[in-house]
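Right, one structure below, let's go through it.
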Amino acid sequence: MAGVISVAKSITPQFVKRIISKRLGPSPSNLTPWNDESLAADAAVFSRSQHAAENIDGMLSTFSMAAMDSLLSLQKVKGAVVEFGTYKGRSAAILANRVAPDEKFILVDIADYLDLQAIRAINSGVDFVQCASREFRRKYPDFRSIRKKSRLVHVDTSHSYRDTYSEMRLCDELLSPEGIAVFDDFTNLNYSQIIPAIYKYIYTNRTDLCVFMVTDEKCYLCRKSHLNIYLSFVLQGIIRSMAVRGINDAMIARSDWHREYRAIYLRTRSDGETGDRYGEEIYGNFYAGP
C-alpha cells in the first residue's frame, strides 16, 4: 500500500499542486463566519426546523436537512428562496426558518398536497403557487422581481430529463450571484436522467453555473464567481457545521482536481473508515484549497 501511495503522490501534476496551494483561504464575502459562536446559534435554529420537518410526511433525510441548513445559514445576502416540488412541505420546513421577513418565500407544485398551515406556523410570509415548473414564469406575477435575485432554489419535481434540463435554465434565470441551486435525487439511479440533464446544460450552454458539492441525495450548484467561496466552506467548515446538527460521522471526498470540475462529495463514513477526508494520504493535495 505504501508503494501505491508513493506512486500516486509522484504522478500528481506539479502545476495542480501549485494552483491548489495558492487557494488556501476562504473569502469572507457574503458568508457568515463559521466559528463556535455562529455554529452554536445555528444548532438552535436547526433543532427547531428539524422538529417541524420531522412532523411532516416526506422523504428528506436528516443528513440532507443538515446540509441544506448549513448552506442557508452561511449566506448573509438577502434574496428569494424558491422550491419547486413541495409535496407536503418537509423540506419547506427546513427552508422556512432561514427566510427573513423581507425576503420572498415561494413554494411551487403541480398539485396541492402542501401542509400550508404547518409552514405558515414557521414563516407566515410563504406564497404557494400551483403550477408546473415550466409554467412558473407565466403563473407567478412577480417573476421579474426574483429574477437574478434568488439566493436558493430547491428542485424536487418530476425528475424527467426534459424537466430537469428546463429547470436548470430556470435556476440560471433566478439565481443571484451568490445563489445556490439544489437538485434532489441526483445520485438515485432510478432517475439516472437527472445527471446527464444537469451536465448537458452546464457544458453546452453559455452558463456560469457549476457543481460545488454532491451528496448521496442532492446536487448543489453555484455561480463560478462564488465557486471558491462555497468550496472553501465545504473544505473547511462543513464537517463542523454538520456535527452541530447531529451528523457526527460526515466526511468529504475529492479524488481529482480539474478546472472544469472541482466538486466535493459529502457523505457519512463507511464501516472501518476514520477521519473526515477520504483517501487523504493519497489525495491530500486535492484538499489543500478550493
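Residues are named by chain letter and number: chains run A, B, ... in the order of the C-alpha cells, numbers start at 1 in each chain, and ligands are numbered from 1 in the order shown.
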
Who sits within 6 Å of stretch 254-257 of chain A, only C-alpha atoms, same chain under 2 positions skipped, as a ChimeraX atom specification: /A:262,264,283

Nearby residues (only C-alpha atoms) at most 12 Å from A:Ala250, same-chain spacing under 2 positions excluded, as a PyMOL selection string: chain A and resi 63-64+66-67+215-216+234+237-248+252-253+265-270+273-278

Filtering to N, CA, C and O atoms, could you give me those residues as a short mmCIF file (atom, residue, chain, number, x, y, z; two decimals), in the first residue's frame?
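Written out: out-v1.cif:
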data_model
loop_
_atom_site.label_atom_id
_atom_site.label_comp_id
_atom_site.auth_asym_id
_atom_site.auth_seq_id
_atom_site.Cartn_x
_atom_site.Cartn_y
_atom_site.Cartn_z
N PHE A 63 -29.72 13.95 7.17
CA PHE A 63 -28.46 14.37 6.57
C PHE A 63 -28.68 15.52 5.59
O PHE A 63 -27.97 16.53 5.64
N SER A 64 -29.68 15.39 4.72
CA SER A 64 -29.96 16.46 3.76
C SER A 64 -30.50 17.71 4.45
O SER A 64 -30.21 18.83 4.03
N ALA A 66 -29.57 18.75 7.35
CA ALA A 66 -28.38 19.40 7.93
C ALA A 66 -27.54 20.08 6.85
O ALA A 66 -27.03 21.18 7.05
N ALA A 67 -27.38 19.43 5.70
CA ALA A 67 -26.57 20.00 4.63
C ALA A 67 -27.20 21.27 4.07
O ALA A 67 -26.52 22.29 3.89
N THR A 215 -24.04 14.95 -2.76
CA THR A 215 -24.25 14.01 -1.67
C THR A 215 -24.92 12.77 -2.24
O THR A 215 -25.12 12.66 -3.45
N ASP A 216 -25.28 11.85 -1.39
CA ASP A 216 -25.98 10.66 -1.87
C ASP A 216 -27.42 10.97 -2.25
O ASP A 216 -28.15 10.08 -2.72
N VAL A 234 -17.02 24.08 2.18
CA VAL A 234 -17.12 22.62 2.21
C VAL A 234 -15.82 22.01 2.73
O VAL A 234 -15.83 21.08 3.55
N GLY A 237 -15.38 24.08 6.62
CA GLY A 237 -16.43 24.31 7.60
C GLY A 237 -17.56 23.31 7.66
O GLY A 237 -18.26 23.22 8.66
N ILE A 238 -17.75 22.53 6.59
CA ILE A 238 -18.96 21.71 6.52
C ILE A 238 -18.98 20.59 7.56
O ILE A 238 -20.04 20.26 8.10
N ILE A 239 -17.82 20.02 7.90
CA ILE A 239 -17.80 18.92 8.86
C ILE A 239 -18.27 19.40 10.23
O ILE A 239 -19.12 18.75 10.88
N ARG A 240 -17.77 20.54 10.68
CA ARG A 240 -18.20 21.09 11.98
C ARG A 240 -19.66 21.52 11.92
O ARG A 240 -20.41 21.36 12.89
N SER A 241 -20.06 22.07 10.78
CA SER A 241 -21.44 22.52 10.63
C SER A 241 -22.41 21.34 10.69
O SER A 241 -23.48 21.44 11.32
N MET A 242 -22.05 20.23 10.09
CA MET A 242 -22.89 19.04 10.15
C MET A 242 -22.91 18.47 11.57
O MET A 242 -23.95 18.01 12.06
N ALA A 243 -21.77 18.53 12.24
CA ALA A 243 -21.67 17.95 13.59
C ALA A 243 -22.59 18.65 14.57
O ALA A 243 -23.24 18.00 15.40
N VAL A 244 -22.67 19.99 14.51
CA VAL A 244 -23.55 20.69 15.45
C VAL A 244 -25.01 20.42 15.13
O VAL A 244 -25.88 20.69 15.96
N ARG A 245 -25.29 19.88 13.97
CA ARG A 245 -26.65 19.50 13.60
C ARG A 245 -26.90 18.01 13.82
O ARG A 245 -27.89 17.47 13.34
N GLY A 246 -25.99 17.36 14.51
CA GLY A 246 -26.19 15.97 14.91
C GLY A 246 -25.62 14.93 13.97
O GLY A 246 -25.77 13.73 14.21
N ILE A 247 -24.95 15.36 12.89
CA ILE A 247 -24.33 14.41 11.96
C ILE A 247 -22.84 14.34 12.32
O ILE A 247 -22.03 15.15 11.86
N ASN A 248 -22.48 13.37 13.14
CA ASN A 248 -21.13 13.31 13.69
C ASN A 248 -20.18 12.42 12.89
O ASN A 248 -19.01 12.30 13.25
N ILE A 252 -15.73 14.21 3.74
CA ILE A 252 -15.73 14.70 2.37
C ILE A 252 -14.77 13.86 1.53
O ILE A 252 -13.83 13.25 2.06
N ALA A 253 -15.02 13.83 0.23
CA ALA A 253 -14.17 13.07 -0.69
C ALA A 253 -13.91 13.90 -1.93
O ALA A 253 -14.83 14.46 -2.53
N TYR A 265 -17.61 15.62 -2.67
CA TYR A 265 -18.65 14.67 -2.24
C TYR A 265 -18.73 14.70 -0.72
O TYR A 265 -17.73 14.50 -0.02
N LEU A 266 -19.91 14.97 -0.20
CA LEU A 266 -20.17 14.96 1.24
C LEU A 266 -21.02 13.74 1.56
O LEU A 266 -22.08 13.54 0.97
N ARG A 267 -20.55 12.92 2.50
CA ARG A 267 -21.26 11.69 2.84
C ARG A 267 -20.94 11.32 4.28
O ARG A 267 -20.20 12.02 4.98
N THR A 268 -21.51 10.20 4.73
CA THR A 268 -21.16 9.66 6.04
C THR A 268 -20.07 8.61 5.88
O THR A 268 -19.93 8.00 4.82
N ARG A 269 -19.31 8.39 6.94
CA ARG A 269 -18.25 7.39 6.91
C ARG A 269 -18.82 5.99 6.79
O ARG A 269 -19.84 5.66 7.38
N SER A 270 -18.12 5.16 6.03
CA SER A 270 -18.47 3.74 5.95
C SER A 270 -17.81 2.99 7.10
O SER A 270 -16.90 3.51 7.77
N GLU A 273 -13.94 3.18 8.26
CA GLU A 273 -13.28 4.43 7.87
C GLU A 273 -13.05 5.32 9.09
O GLU A 273 -13.84 5.31 10.04
N THR A 274 -11.98 6.07 9.05
CA THR A 274 -11.68 7.04 10.11
C THR A 274 -11.38 8.38 9.46
O THR A 274 -11.12 8.47 8.25
N GLY A 275 -11.39 9.42 10.27
CA GLY A 275 -11.09 10.74 9.75
C GLY A 275 -12.26 11.34 9.01
O GLY A 275 -13.34 10.76 8.93
N ASP A 276 -12.04 12.53 8.43
CA ASP A 276 -13.13 13.19 7.73
C ASP A 276 -12.79 13.53 6.28
O ASP A 276 -13.50 14.29 5.65
N ARG A 277 -11.69 12.95 5.76
CA ARG A 277 -11.33 13.17 4.36
C ARG A 277 -10.94 11.84 3.73
O ARG A 277 -9.99 11.18 4.18
N TYR A 278 -11.65 11.48 2.70
CA TYR A 278 -11.42 10.20 2.04
C TYR A 278 -10.04 10.18 1.38
O TYR A 278 -9.66 11.10 0.64
#

For A:Leu170, the nearest of the candidates A:Glu135, A:Asn188, A:Ala44, A:Gln130, counting only C-alpha atoms: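 Answer, going by the shortest atom-to-atom distance: A:Glu135.
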
Counting only C-alpha atoms, the residue of A:Leu152, A:Arg144, A:Leu235, A:Ile56 that sits nearest A:Ser73: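 That would be A:Leu152, the residue with the smallest distance to A:Ser73.
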
Write out as a tab-separated table a residue-level contact list of stretch 74-122 of chain A versus stretch 57-61 of chain A with cut-off 9 Å: for each qualifying residue the closest pair of atoms and the distance in Å to one decimal, counting only C-alpha atoms, rows sorted by chain and residue number upward.
residue	atom	partner	partner_atom	distance
A:Tyr87	CA	A:Gly58	CA	7.3
A:Lys88	CA	A:Asp57	CA	6.3
A:Gly89	CA	A:Gly58	CA	7.5
A:Arg90	CA	A:Gly58	CA	5.6
A:Ser91	CA	A:Leu60	CA	6.4

Just to be explicit: take each residue in the selection above, keep N, CA and C atoms, and write the result as a PDB file, in the first residue's frame.
ATOM      1  N   TYR A  87     -44.380  18.549  -2.227  1.00  0.00           N
ATOM      2  CA  TYR A  87     -45.190  17.516  -1.590  1.00  0.00           C
ATOM      3  C   TYR A  87     -45.879  18.141  -0.375  1.00  0.00           C
ATOM      4  N   LYS A  88     -45.709  17.596   0.824  1.00  0.00           N
ATOM      5  CA  LYS A  88     -46.435  18.138   1.974  1.00  0.00           C
ATOM      6  C   LYS A  88     -45.669  19.236   2.717  1.00  0.00           C
ATOM      7  N   GLY A  89     -44.388  19.415   2.367  1.00  0.00           N
ATOM      8  CA  GLY A  89     -43.670  20.545   2.948  1.00  0.00           C
ATOM      9  C   GLY A  89     -42.537  20.198   3.888  1.00  0.00           C
ATOM     10  N   ARG A  90     -42.030  18.963   3.846  1.00  0.00           N
ATOM     11  CA  ARG A  90     -40.953  18.567   4.762  1.00  0.00           C
ATOM     12  C   ARG A  90     -39.689  19.408   4.540  1.00  0.00           C
ATOM     13  N   SER A  91     -39.266  19.540   3.294  1.00  0.00           N
ATOM     14  CA  SER A  91     -38.085  20.364   3.030  1.00  0.00           C
ATOM     15  C   SER A  91     -38.393  21.848   3.188  1.00  0.00           C
TER      16      SER A  91
END

Straight-line distance linking atom CA of A:Lys76 with atom CA of A:Tyr203, stated in Å to one decimal: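 These two atoms are separated by 29.6 Å.
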
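Residues lying within 9 Å of A:Asp185, counting only C-alpha atoms and ignoring same-chain neighbours fewer than 3 positions away, are A:Asp156, A:His159, A:Asn188, A:Leu189, A:Asn190, A:Tyr191, A:Ser192, A:Ile194, A:Asp216, A:Glu217, A:Lys218, A:Cys219.
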
Dump N, CA, C and O atoms for the selected residues as an mmCIF file, in the first residue's frame?
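Listed below is the output, again.cif:
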data_model
loop_
_atom_site.group_PDB
_atom_site.id
_atom_site.type_symbol
_atom_site.label_atom_id
_atom_site.label_comp_id
_atom_site.auth_asym_id
_atom_site.auth_seq_id
_atom_site.Cartn_x
_atom_site.Cartn_y
_atom_site.Cartn_z
ATOM 1 N N ASP A 156 -37.282 19.577 -6.759
ATOM 2 C CA ASP A 156 -37.641 18.181 -6.474
ATOM 3 C C ASP A 156 -38.973 17.890 -7.149
ATOM 4 O O ASP A 156 -39.991 17.695 -6.499
ATOM 5 N N HIS A 159 -38.417 14.893 -12.135
ATOM 6 C CA HIS A 159 -37.121 14.261 -12.401
ATOM 7 C C HIS A 159 -36.985 13.787 -13.851
ATOM 8 O O HIS A 159 -36.042 13.058 -14.167
ATOM 9 N N ASN A 188 -29.689 9.078 -7.283
ATOM 10 C CA ASN A 188 -30.674 7.996 -7.266
ATOM 11 C C ASN A 188 -30.834 7.507 -8.701
ATOM 12 O O ASN A 188 -31.471 8.151 -9.528
ATOM 13 N N LEU A 189 -30.235 6.355 -9.016
ATOM 14 C CA LEU A 189 -30.201 5.897 -10.402
ATOM 15 C C LEU A 189 -31.532 5.369 -10.902
ATOM 16 O O LEU A 189 -31.653 4.988 -12.075
ATOM 17 N N ASN A 190 -32.555 5.366 -10.051
ATOM 18 C CA ASN A 190 -33.901 5.191 -10.575
ATOM 19 C C ASN A 190 -34.276 6.379 -11.464
ATOM 20 O O ASN A 190 -35.181 6.289 -12.288
ATOM 21 N N TYR A 191 -33.573 7.488 -11.249
ATOM 22 C CA TYR A 191 -33.773 8.706 -12.038
ATOM 23 C C TYR A 191 -32.437 9.102 -12.678
ATOM 24 O O TYR A 191 -31.978 10.235 -12.560
ATOM 25 N N SER A 192 -31.817 8.163 -13.370
ATOM 26 C CA SER A 192 -30.470 8.391 -13.909
ATOM 27 C C SER A 192 -30.424 9.538 -14.916
ATOM 28 O O SER A 192 -29.358 10.080 -15.198
ATOM 29 N N ILE A 194 -31.339 12.510 -14.487
ATOM 30 C CA ILE A 194 -31.034 13.797 -13.861
ATOM 31 C C ILE A 194 -29.584 14.200 -14.126
ATOM 32 O O ILE A 194 -29.287 15.360 -14.443
ATOM 33 N N ASP A 216 -25.277 11.847 -1.392
ATOM 34 C CA ASP A 216 -25.984 10.660 -1.869
ATOM 35 C C ASP A 216 -27.425 10.970 -2.251
ATOM 36 O O ASP A 216 -28.145 10.076 -2.716
ATOM 37 N N GLU A 217 -27.833 12.218 -2.066
ATOM 38 C CA GLU A 217 -29.212 12.582 -2.377
ATOM 39 C C GLU A 217 -29.333 13.792 -3.292
ATOM 40 O O GLU A 217 -30.264 13.868 -4.086
ATOM 41 N N LYS A 218 -28.407 14.739 -3.191
ATOM 42 C CA LYS A 218 -28.614 16.012 -3.878
ATOM 43 C C LYS A 218 -27.353 16.524 -4.554
ATOM 44 O O LYS A 218 -26.234 16.140 -4.204
ATOM 45 N N CYS A 219 -27.583 17.413 -5.523
ATOM 46 C CA CYS A 219 -26.517 18.117 -6.230
ATOM 47 C C CYS A 219 -26.651 19.605 -5.914
ATOM 48 O O CYS A 219 -27.755 20.166 -5.988
#

Given only C-alpha atoms as the counted atoms, nearest of A:Leu175, A:Asn228, A:Ser133, A:Tyr161 to A:Ile198: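 For A:Ile198, the nearest of the given residues is A:Tyr161.
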
Selection: 10 Å around A:Phe84, only C-alpha atoms, excl. self and same-chain fewer than 5 positions, as JSON, numbers by chain: {"A": [106, 107, 108, 109, 110, 129, 130, 131, 132, 133, 136, 153, 154, 155, 156, 157, 158, 167, 183]}

File of the preceding selection, all heavy atoms, as a CSV table (one decimal), in the first residue's frame:
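So selection02.csv came out as:
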chain,number,residue,atom,x,y,z
A,106,ILE,N,-41.2,31.2,-1.8
A,106,ILE,CA,-42.2,30.8,-2.7
A,106,ILE,C,-42.1,29.3,-2.9
A,106,ILE,O,-41.1,28.7,-3.2
A,106,ILE,CB,-41.9,31.5,-4.1
A,106,ILE,CG1,-41.9,33.0,-3.9
A,106,ILE,CG2,-43.0,31.1,-5.1
A,106,ILE,CD1,-41.1,33.7,-5.0
A,107,LEU,N,-43.2,28.6,-2.7
A,107,LEU,CA,-43.3,27.1,-2.9
A,107,LEU,C,-44.2,26.8,-4.1
A,107,LEU,O,-45.3,27.4,-4.2
A,107,LEU,CB,-43.9,26.5,-1.6
A,107,LEU,CG,-43.2,26.8,-0.3
A,107,LEU,CD1,-43.9,26.1,0.9
A,107,LEU,CD2,-41.7,26.4,-0.4
A,108,VAL,N,-43.7,25.9,-4.9
A,108,VAL,CA,-44.4,25.7,-6.2
A,108,VAL,C,-44.6,24.2,-6.4
A,108,VAL,O,-43.6,23.4,-6.2
A,108,VAL,CB,-43.5,26.2,-7.4
A,108,VAL,CG1,-44.3,26.0,-8.7
A,108,VAL,CG2,-43.1,27.7,-7.2
A,109,ASP,N,-45.8,23.8,-6.7
A,109,ASP,CA,-46.0,22.3,-7.0
A,109,ASP,C,-47.2,22.2,-8.0
A,109,ASP,O,-48.1,23.1,-8.0
A,109,ASP,CB,-46.3,21.6,-5.7
A,109,ASP,CG,-46.0,20.1,-5.9
A,109,ASP,OD1,-46.6,19.5,-6.8
A,109,ASP,OD2,-45.3,19.6,-5.1
A,110,ILE,N,-47.1,21.2,-8.8
A,110,ILE,CA,-48.2,20.9,-9.7
A,110,ILE,C,-49.5,20.5,-9.1
A,110,ILE,O,-50.6,20.6,-9.6
A,110,ILE,CB,-47.7,19.9,-10.8
A,110,ILE,CG1,-48.6,19.9,-12.0
A,110,ILE,CG2,-47.7,18.5,-10.2
A,110,ILE,CD1,-48.1,19.1,-13.2
A,129,VAL,N,-47.7,28.5,-5.1
A,129,VAL,CA,-48.1,28.7,-6.5
A,129,VAL,C,-48.3,27.3,-7.1
A,129,VAL,O,-47.4,26.5,-7.1
A,129,VAL,CB,-47.1,29.4,-7.3
A,129,VAL,CG1,-47.5,29.6,-8.8
A,129,VAL,CG2,-46.7,30.8,-6.7
A,130,GLN,N,-49.6,27.0,-7.5
A,130,GLN,CA,-49.9,25.7,-8.0
A,130,GLN,C,-49.7,25.7,-9.5
A,130,GLN,O,-50.5,26.2,-10.3
A,130,GLN,CB,-51.3,25.2,-7.6
A,130,GLN,CG,-51.6,23.8,-8.0
A,130,GLN,CD,-52.9,23.3,-7.5
A,130,GLN,OE1,-53.5,23.9,-6.6
A,130,GLN,NE2,-53.3,22.2,-8.0
A,131,CYS,N,-48.6,25.1,-10.0
A,131,CYS,CA,-48.3,25.0,-11.4
A,131,CYS,C,-47.1,24.2,-11.6
A,131,CYS,O,-46.4,23.9,-10.6
A,131,CYS,CB,-48.1,26.4,-12.0
A,131,CYS,SG,-46.5,27.2,-11.5
A,132,ALA,N,-46.8,23.8,-12.8
A,132,ALA,CA,-45.6,23.1,-13.2
A,132,ALA,C,-44.5,24.1,-13.2
A,132,ALA,O,-44.7,25.3,-13.5
A,132,ALA,CB,-45.8,22.3,-14.5
A,133,SER,N,-43.2,23.6,-13.0
A,133,SER,CA,-42.1,24.5,-13.1
A,133,SER,C,-42.0,25.2,-14.4
A,133,SER,O,-41.6,26.4,-14.4
A,133,SER,CB,-40.8,23.7,-12.8
A,133,SER,OG,-40.6,22.7,-13.8
A,136,PHE,N,-44.0,28.4,-14.4
A,136,PHE,CA,-43.8,29.4,-13.3
A,136,PHE,C,-43.6,30.8,-13.8
A,136,PHE,O,-44.1,31.7,-13.2
A,136,PHE,CB,-42.6,28.9,-12.4
A,136,PHE,CG,-42.3,29.8,-11.3
A,136,PHE,CD1,-43.3,29.9,-10.2
A,136,PHE,CD2,-41.2,30.5,-11.2
A,136,PHE,CE1,-43.0,30.7,-9.1
A,136,PHE,CE2,-40.9,31.3,-10.1
A,136,PHE,CZ,-41.8,31.4,-9.1
A,153,VAL,N,-32.6,28.0,-4.7
A,153,VAL,CA,-33.7,27.3,-5.4
A,153,VAL,C,-33.5,25.8,-5.2
A,153,VAL,O,-32.5,25.2,-5.6
A,153,VAL,CB,-33.7,27.7,-6.9
A,153,VAL,CG1,-34.8,27.0,-7.6
A,153,VAL,CG2,-33.7,29.2,-7.2
A,154,HIS,N,-34.6,25.2,-4.7
A,154,HIS,CA,-34.6,23.8,-4.4
A,154,HIS,C,-35.5,23.1,-5.4
A,154,HIS,O,-36.7,23.5,-5.6
A,154,HIS,CB,-35.0,23.4,-3.0
A,154,HIS,CG,-35.0,22.0,-2.7
A,154,HIS,ND1,-36.1,21.4,-2.1
A,154,HIS,CD2,-34.1,21.0,-2.9
A,154,HIS,CE1,-35.8,20.1,-1.9
A,154,HIS,NE2,-34.6,19.9,-2.4
A,155,VAL,N,-35.0,22.1,-6.2
A,155,VAL,CA,-35.8,21.4,-7.2
A,155,VAL,C,-36.0,20.0,-6.9
A,155,VAL,O,-35.1,19.2,-6.7
A,155,VAL,CB,-35.1,21.6,-8.6
A,155,VAL,CG1,-35.9,20.9,-9.7
A,155,VAL,CG2,-34.8,23.0,-8.9
A,156,ASP,N,-37.3,19.6,-6.8
A,156,ASP,CA,-37.6,18.2,-6.5
A,156,ASP,C,-39.0,17.9,-7.1
A,156,ASP,O,-40.0,17.7,-6.5
A,156,ASP,CB,-37.7,18.0,-5.0
A,156,ASP,CG,-38.0,16.5,-4.6
A,156,ASP,OD1,-37.9,15.6,-5.5
A,156,ASP,OD2,-38.2,16.2,-3.4
A,157,THR,N,-38.9,17.9,-8.5
A,157,THR,CA,-40.2,17.7,-9.3
A,157,THR,C,-40.3,16.4,-9.9
A,157,THR,O,-40.0,15.3,-9.3
A,157,THR,CB,-40.3,18.9,-10.3
A,157,THR,OG1,-39.2,18.8,-11.2
A,157,THR,CG2,-40.3,20.2,-9.6
A,158,SER,N,-40.6,16.3,-11.2
A,158,SER,CA,-40.9,15.0,-11.9
A,158,SER,C,-39.6,14.2,-12.1
A,158,SER,O,-39.6,13.0,-12.2
A,158,SER,CB,-41.5,15.3,-13.2
A,158,SER,OG,-40.6,15.8,-14.1
A,167,GLU,N,-35.4,23.1,-15.9
A,167,GLU,CA,-35.3,23.7,-14.5
A,167,GLU,C,-33.9,24.2,-14.3
A,167,GLU,O,-33.7,25.1,-13.5
A,167,GLU,CB,-35.7,22.6,-13.5
A,167,GLU,CG,-37.2,22.4,-13.4
A,167,GLU,CD,-37.6,21.0,-12.9
A,167,GLU,OE1,-36.7,20.2,-12.6
A,167,GLU,OE2,-38.8,20.8,-12.8
A,183,PHE,N,-30.6,20.2,-6.5
A,183,PHE,CA,-31.4,19.3,-7.3
A,183,PHE,C,-31.5,18.0,-6.5
A,183,PHE,O,-30.4,17.4,-6.2
A,183,PHE,CB,-30.9,19.0,-8.7
A,183,PHE,CG,-31.2,20.1,-9.6
A,183,PHE,CD1,-30.6,21.4,-9.6
A,183,PHE,CD2,-32.2,19.9,-10.6
A,183,PHE,CE1,-31.0,22.4,-10.5
A,183,PHE,CE2,-32.6,20.9,-11.5
A,183,PHE,CZ,-31.9,22.1,-11.5

DSSP alpha helix (DSSP H) selection over stretch 112-278 of chain A, as a ChimeraX atom specification: /A:116-122,136-139,143-146,161-174,194-204,227-236,238-243

Nearby residues (only C-alpha atoms) at most 12 Å from A:Leu72, same-chain spacing under 4 positions excluded, as a PyMOL selection string: chain A and resi 30-32+42+45-46+65-68+76-81+94-100+151-154+178-182+220+230+241

Coordinates-based distance that separates atom CA of A:Tyr287 from atom CA of A:Ser225 (Å, one decimal): 20.0 Å

Residues of stretch 51-170 of chain A in strand (DSSP E), written as an NGL selection string: :A and (80-84 or 105-109 or 126-130 or 150-155)

Between atom CA of A:Ser49 and atom CA of A:Gln75, distance in Å (one decimal): 17.1 Å

Of the listed residues A:Ser38, A:Ser150, A:Thr207, A:Ser176, that which approaches A:Lys104 most closely, counting only C-alpha atoms: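 Nearest candidate to A:Lys104 out of A:Ser38, A:Ser150, A:Thr207, A:Ser176: A:Ser150.
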